[in-house]
$ cat entry_13.tsv   # TSV, C-alpha atoms
chain	number	residue	atom	x	y	z
B	1382	MET	CA	5.96	-3.50	3.61
B	1383	THR	CA	2.83	-2.96	1.52
B	1384	ASP	CA	3.02	-3.55	-2.22
B	1385	LEU	CA	2.95	-0.90	-4.91
B	1386	ASN	CA	-0.79	-1.22	-5.40
B	1387	GLN	CA	-1.32	0.35	-1.99
B	1388	MET	CA	-1.17	4.05	-1.33
B	1389	LEU	CA	1.06	6.30	0.68
B	1390	LEU	CA	-1.39	9.18	0.55
B	1391	LYS	CA	-3.89	10.74	-1.80
B	1392	PHE	CA	-3.54	14.28	-3.00
B	1393	ASP	CA	-7.28	14.47	-3.70
B	1394	LEU	CA	-9.31	17.15	-1.93
B	1395	LYS	CA	-10.86	14.39	0.15
B	1396	GLN	CA	-8.04	12.71	2.04
B	1397	ASN	CA	-8.12	9.02	2.90
B	1398	TYR	CA	-6.33	8.32	6.17
B	1399	LYS	CA	-6.80	4.56	6.52
B	1400	SER	CA	-3.89	2.65	8.00
B	1401	GLU	CA	-3.89	0.11	5.17
B	1402	ASP	CA	-3.57	2.97	2.67
B	1403	PHE	CA	-0.26	4.22	4.04
B	1404	TYR	CA	2.63	3.07	1.86
B	1405	VAL	CA	5.52	2.18	4.15
B	1406	ASN	CA	8.94	2.89	2.70
B	1407	LYS	CA	12.37	3.57	4.16
B	1408	SER	CA	11.65	7.29	3.76
B	1409	ASN	CA	8.94	7.08	6.43
B	1410	PHE	CA	9.58	3.73	8.13
B	1411	PHE	CA	10.98	5.09	11.40
B	1412	ALA	CA	8.04	7.46	11.94
B	1413	TYR	CA	5.54	4.75	11.02
B	1414	SER	CA	7.19	2.18	13.30
B	1415	LEU	CA	6.91	4.58	16.27
B	1416	ILE	CA	3.18	5.00	15.64
B	1417	GLU	CA	2.85	1.21	15.68
B	1418	LYS	CA	5.15	0.88	18.70
B	1419	TRP	CA	3.14	3.12	21.06
B	1420	PRO	CA	3.12	3.17	24.08
B	1421	LYS	CA	6.62	1.68	24.11
B	1422	TRP	CA	8.29	5.02	23.43
B	1423	GLU	CA	11.54	6.01	25.09
B	1424	LYS	CA	10.10	9.46	25.80
B	1425	ASN	CA	6.61	10.90	26.19
B	1426	ILE	CA	6.83	13.29	23.24
B	1427	LEU	CA	7.28	12.31	19.60
B	1428	ASN	CA	8.00	14.97	16.98
B	1429	ILE	CA	7.38	13.81	13.41
B	1430	PHE	CA	8.69	16.37	10.95
B	1431	GLY	CA	8.99	16.70	7.20
B	1432	GLU	CA	7.87	18.78	4.27
B	1433	LYS	CA	4.26	19.46	3.37
B	1434	TYR	CA	2.33	16.51	1.89
B	1435	CYS	CA	4.87	13.96	3.17
B	1436	GLY	CA	2.25	12.04	5.15
B	1437	LYS	CA	2.46	13.54	8.66
B	1438	SER	CA	-1.30	14.13	8.86
B	1439	HIS	CA	-1.95	10.62	7.57
B	1440	LEU	CA	0.21	9.17	10.34
B	1441	ALA	CA	-1.43	11.41	12.95
B	1442	ASN	CA	-4.87	10.18	11.93
B	1443	ILE	CA	-3.71	6.56	12.00
B	1444	PHE	CA	-2.42	7.20	15.53
B	1445	LYS	CA	-5.69	8.85	16.57
B	1446	LYS	CA	-7.83	6.01	15.23
B	1447	LYS	CA	-5.62	3.24	16.57
B	1448	HIS	CA	-4.73	4.58	20.00
B	1449	GLY	CA	-7.24	7.35	20.67
B	1450	ALA	CA	-6.15	10.99	21.03
B	1451	PHE	CA	-7.26	14.55	21.48
B	1452	LYS	CA	-6.22	16.31	18.25
B	1453	ILE	CA	-5.86	20.07	17.84
B	1454	GLN	CA	-3.94	22.64	15.81
B	1455	ALA	CA	-0.91	23.67	17.87
B	1456	ASN	CA	-1.62	27.41	17.60
B	1457	GLU	CA	-5.19	26.83	18.81
B	1458	PHE	CA	-4.12	25.09	22.01
B	1459	GLU	CA	-5.13	27.18	25.04
B	1460	SER	CA	-5.73	26.84	28.78
B	1461	LYS	CA	-9.09	25.10	28.36
B	1462	SER	CA	-7.42	22.66	25.95
B	1463	LEU	CA	-5.12	21.65	28.79
B	1464	LYS	CA	-8.19	20.72	30.84
B	1465	GLU	CA	-9.65	18.76	27.92
B	1466	PHE	CA	-6.39	16.85	27.55
B	1467	LYS	CA	-6.67	15.53	31.12
B	1468	ILE	CA	-9.31	12.98	30.08
B	1469	PHE	CA	-7.12	11.64	27.26
B	1470	GLU	CA	-3.95	9.60	27.31
B	1471	ASN	CA	-2.71	11.00	24.01
B	1472	LEU	CA	-2.57	14.42	22.39
B	1473	ILE	CA	-1.84	15.31	18.76
B	1474	LEU	CA	-0.55	18.83	18.06
B	1475	ASP	CA	-0.82	19.47	14.33
B	1476	ASP	CA	1.13	22.09	12.36
B	1477	PHE	CA	3.39	22.98	15.27
B	1478	ASN	CA	5.36	26.18	14.65
B	1479	GLU	CA	6.74	29.19	16.50
B	1480	ASN	CA	3.30	30.79	16.75
B	1481	ILE	CA	2.40	29.15	20.08
B	1482	ASP	CA	2.10	30.11	23.75
B	1483	GLU	CA	5.48	28.98	25.06
B	1484	LYS	CA	4.55	29.12	28.73
B	1485	LEU	CA	1.43	27.05	28.11
B	1486	MET	CA	3.38	24.54	26.02
B	1487	TYR	CA	6.00	24.27	28.75
B	1488	THR	CA	3.22	23.46	31.22
B	1489	LEU	CA	1.76	20.94	28.77
B	1490	PHE	CA	5.06	19.13	28.32
B	1491	ASN	CA	5.46	18.89	32.09
B	1492	VAL	CA	1.93	17.55	32.47
B	1493	ALA	CA	2.72	14.84	29.93
B	1494	ASP	CA	5.75	13.77	31.96
B	1495	GLN	CA	4.07	13.96	35.35
B	1496	ASP	CA	0.87	12.17	34.33
B	1497	ASN	CA	2.58	9.72	31.96
B	1498	LYS	CA	0.67	11.00	28.94
B	1499	TYR	CA	1.88	11.11	25.35
B	1500	ILE	CA	2.11	13.88	22.78
B	1501	LEU	CA	2.52	13.50	19.02
B	1502	ILE	CA	3.72	16.72	17.38
B	1503	ASN	CA	3.69	17.30	13.62
B	1504	SER	CA	5.89	20.05	12.19
B	1505	LEU	CA	7.79	21.04	9.08
B	1506	THR	CA	11.09	21.26	10.98
B	1507	PRO	CA	12.23	19.76	14.30
B	1508	ILE	CA	10.76	21.68	17.22
B	1509	SER	CA	14.22	21.69	18.82
B	1510	GLN	CA	15.42	23.95	15.98
B	1511	MET	CA	12.62	26.50	16.24
B	1512	ASN	CA	13.27	30.00	17.59
B	1513	PHE	CA	11.66	30.15	21.02
B	1514	GLU	CA	12.46	32.57	23.83
B	1515	LEU	CA	11.56	30.74	27.06
B	1516	LYS	CA	14.76	28.95	28.11
B	1517	ASP	CA	12.99	26.24	30.11
B	1518	PHE	CA	10.76	25.47	27.16
B	1519	ILE	CA	13.71	25.43	24.75
B	1520	SER	CA	15.31	22.81	26.98
B	1521	ARG	CA	12.11	20.73	26.95
B	1522	THR	CA	11.85	20.78	23.15
B	1523	LYS	CA	15.15	18.94	22.97
B	1524	ASN	CA	13.92	16.10	25.18
B	1525	CYS	CA	11.76	14.39	22.55
B	1526	ILE	CA	11.91	11.56	20.06
B	1527	PHE	CA	12.51	12.99	16.60
B	1528	ALA	CA	11.39	11.18	13.47
B	1529	GLU	CA	11.99	12.73	10.07
B	1530	ILE	CA	9.98	11.76	7.02
B	1531	GLN	CA	12.66	12.01	4.39
B	1532	LYS	CA	12.39	13.01	0.76
B	1533	PRO	CA	10.82	10.26	-1.37
B	1534	ASN	CA	13.06	7.79	-3.16
B	1535	ASP	CA	12.28	6.27	-6.56
B	1536	GLU	CA	10.23	3.43	-5.10
B	1537	LEU	CA	8.03	5.80	-3.13
B	1538	ILE	CA	7.56	8.22	-6.03
B	1539	PHE	CA	6.55	5.26	-8.20
B	1540	ALA	CA	3.97	4.20	-5.61
B	1541	ILE	CA	2.53	7.70	-5.26
B	1542	LEU	CA	2.27	8.20	-9.03
B	1543	LEU	CA	0.83	4.75	-9.69
B	1544	LYS	CA	-1.85	5.11	-7.01
B	1545	ASN	CA	-2.88	8.61	-7.99
B	1546	PHE	CA	-3.11	7.74	-11.68
B	1547	SER	CA	-5.12	4.65	-10.76
B	1548	ASP	CA	-7.46	6.75	-8.58
B	1549	ARG	CA	-8.12	8.98	-11.57
B	1550	GLN	CA	-8.65	5.94	-13.81
B	1551	ILE	CA	-5.65	6.98	-15.88
B	1552	SER	CA	-3.84	4.18	-17.67
B	1553	ILE	CA	-0.13	4.89	-18.11
B	1554	GLU	CA	2.80	2.81	-19.33
B	1555	LYS	CA	5.60	1.98	-16.92
B	1556	LYS	CA	8.19	3.58	-19.21
B	1557	LEU	CA	6.34	6.88	-18.84
B	1558	ILE	CA	6.37	6.60	-15.06
B	1559	ASP	CA	10.09	5.78	-15.19
B	1560	PHE	CA	10.66	8.93	-17.26
B	1561	ILE	CA	8.71	11.03	-14.74
B	1562	ILE	CA	10.74	9.64	-11.84
B	1563	LYS	CA	14.00	10.56	-13.58
B	1564	HIS	CA	12.93	14.18	-14.14
B	1565	ILE	CA	10.63	15.16	-11.29
B	1566	ASP	CA	11.84	17.08	-8.24
B	1567	ARG	CA	12.29	14.94	-5.11
B	1568	SER	CA	9.60	16.84	-3.24
B	1569	TYR	CA	6.16	15.71	-2.07
B	1570	GLY	CA	4.79	19.15	-2.93
B	1571	LYS	CA	6.20	19.04	-6.46
B	1572	ILE	CA	4.80	15.54	-6.97
B	1573	CYS	CA	1.41	16.81	-5.86
B	1574	GLU	CA	1.61	19.76	-8.27
B	1575	PHE	CA	2.68	17.48	-11.10
B	1576	ILE	CA	-0.22	15.07	-10.60
B	1577	TYR	CA	-2.76	17.87	-10.75
B	1578	LYS	CA	-0.98	19.55	-13.67
B	1579	ILE	CA	-0.75	16.48	-15.88
B	1580	ASP	CA	-4.37	15.58	-15.15
B	1581	GLU	CA	-5.40	19.13	-16.06
B	1582	ILE	CA	-3.41	19.14	-19.33
B	1583	SER	CA	-4.68	15.70	-20.34
B	1584	LEU	CA	-8.32	16.66	-19.74
B	1585	LYS	CA	-7.93	20.01	-21.47
B	1586	LYS	CA	-6.37	18.46	-24.57
B	1587	LYS	CA	-8.63	15.40	-24.38
B	1588	LYS	CA	-5.61	13.20	-24.95
B	1589	SER	CA	-4.14	10.26	-23.08
B	1590	ILE	CA	-0.87	10.90	-21.29
B	1591	ASP	CA	2.21	10.64	-23.49
B	1592	PHE	CA	5.78	11.93	-23.40
B	1593	LYS	CA	4.74	15.30	-24.82
B	1594	ILE	CA	2.15	15.93	-22.09
B	1595	ILE	CA	4.55	14.71	-19.40
B	1596	LYS	CA	7.29	17.06	-20.62
B	1597	GLU	CA	4.83	19.94	-20.64
B	1598	ALA	CA	3.76	19.19	-17.07
B	1599	LEU	CA	7.36	18.80	-15.94
B	1600	LYS	CA	8.50	21.80	-17.98
B	1601	VAL	CA	11.45	19.87	-19.41
$ encode --input "entry_13.tsv" --output "structure tokens"
Amino acid sequence: MTDLNQMLLKFDLKQNYKSEDFYVNKSNFFAYSLIEKWPKWEKNILNIFGEKYCGKSHLANIFKKKHGAFKIQANEFESKSLKEFKIFENLILDDFNENIDEKLMYTLFNVADQDNKYILINSLTPISQMNFELKDFISRTKNCIFAEIQKPNDELIFAILLKNFSDRQISIEKKLIDFIIKHIDRSYGKICEFIYKIDEISLKKKKSIDFKIIKEALKV
């Protein structure tokens, strides 16, 4: 496991998707281990799911760089994409949701099985729980490996906060980070919002971060 001076992900506009910058924690360990384990998967399709900003895209880009893959938004996948996939061993379908061509996806899943190819699917919820209509495809969505990136625990929140403050050259005492961890929502999105908010307040007031600014950002 990487130490706390390494990053899970950056919430900056410019994302850094380096493998060494992914902070491995029990919240994301299973998903990360499967990326490392490829091609020794029990099934050809892996569905990594979890809330926005939890690190799914980071893992997908690590997979693409390490193992090579054709990456595309799931709702942009079309017949010609199926032909493009034939020259690759791996496919990444990003932002998978119910807005897809079910018949085409059913064909794609079958191609993966028949040609021994692999598909990494990122989604907010498990694809097996999505509302599809094609019965054969519904059956196929259940025959995958499912890896959830769980809500961040204290250790992971600490790592995210520490790295993002460091990236912004913000010096902050540990007791302030401990206070934030006790009061912040256990949500990657809320952590992201907080980081931007506290940076904004600090710059606007031209003051270093203290309990007053933290409470204002947290609205406590």
$ residues_around --input "entry_13.tsv" --residues "Glu1581 of chain B" --least-positions-apart "6" --cutoff "12 Å" --atoms "all atoms listed in the file" --output "ChimeraX atom specification"
/B:1549,1574-1575,1587-1590,1594-1595,1597-1598
$ atom_distance --input "entry_13.tsv" --atom1 "atom CA of Gly1431 of chain B" --atom2 "atom CA of Ile1453 of chain B"
18.6 Å
$ atom_distance --input "entry_13.tsv" --atom1 "atom CA of Cys1573 of chain B" --atom2 "atom CA of Ala1528 of chain B"
22.5 Å
$ residues_near_point --input "entry_13.tsv" --point "(3.8, 11.9, 29.2)" --cutoff "10 Å" --atoms "all atoms listed in the file" --output "PyMOL selection string"
chain B and resi 1424-1426+1470-1472+1489-1500
$ closest_residue --input "entry_13.tsv" --among "B:Lys1563, B:Lys1523, B:Lys1516, B:Lys1555" --to "Asn1428 of chain B" --atoms "all atoms listed in the file"
B:Lys1523
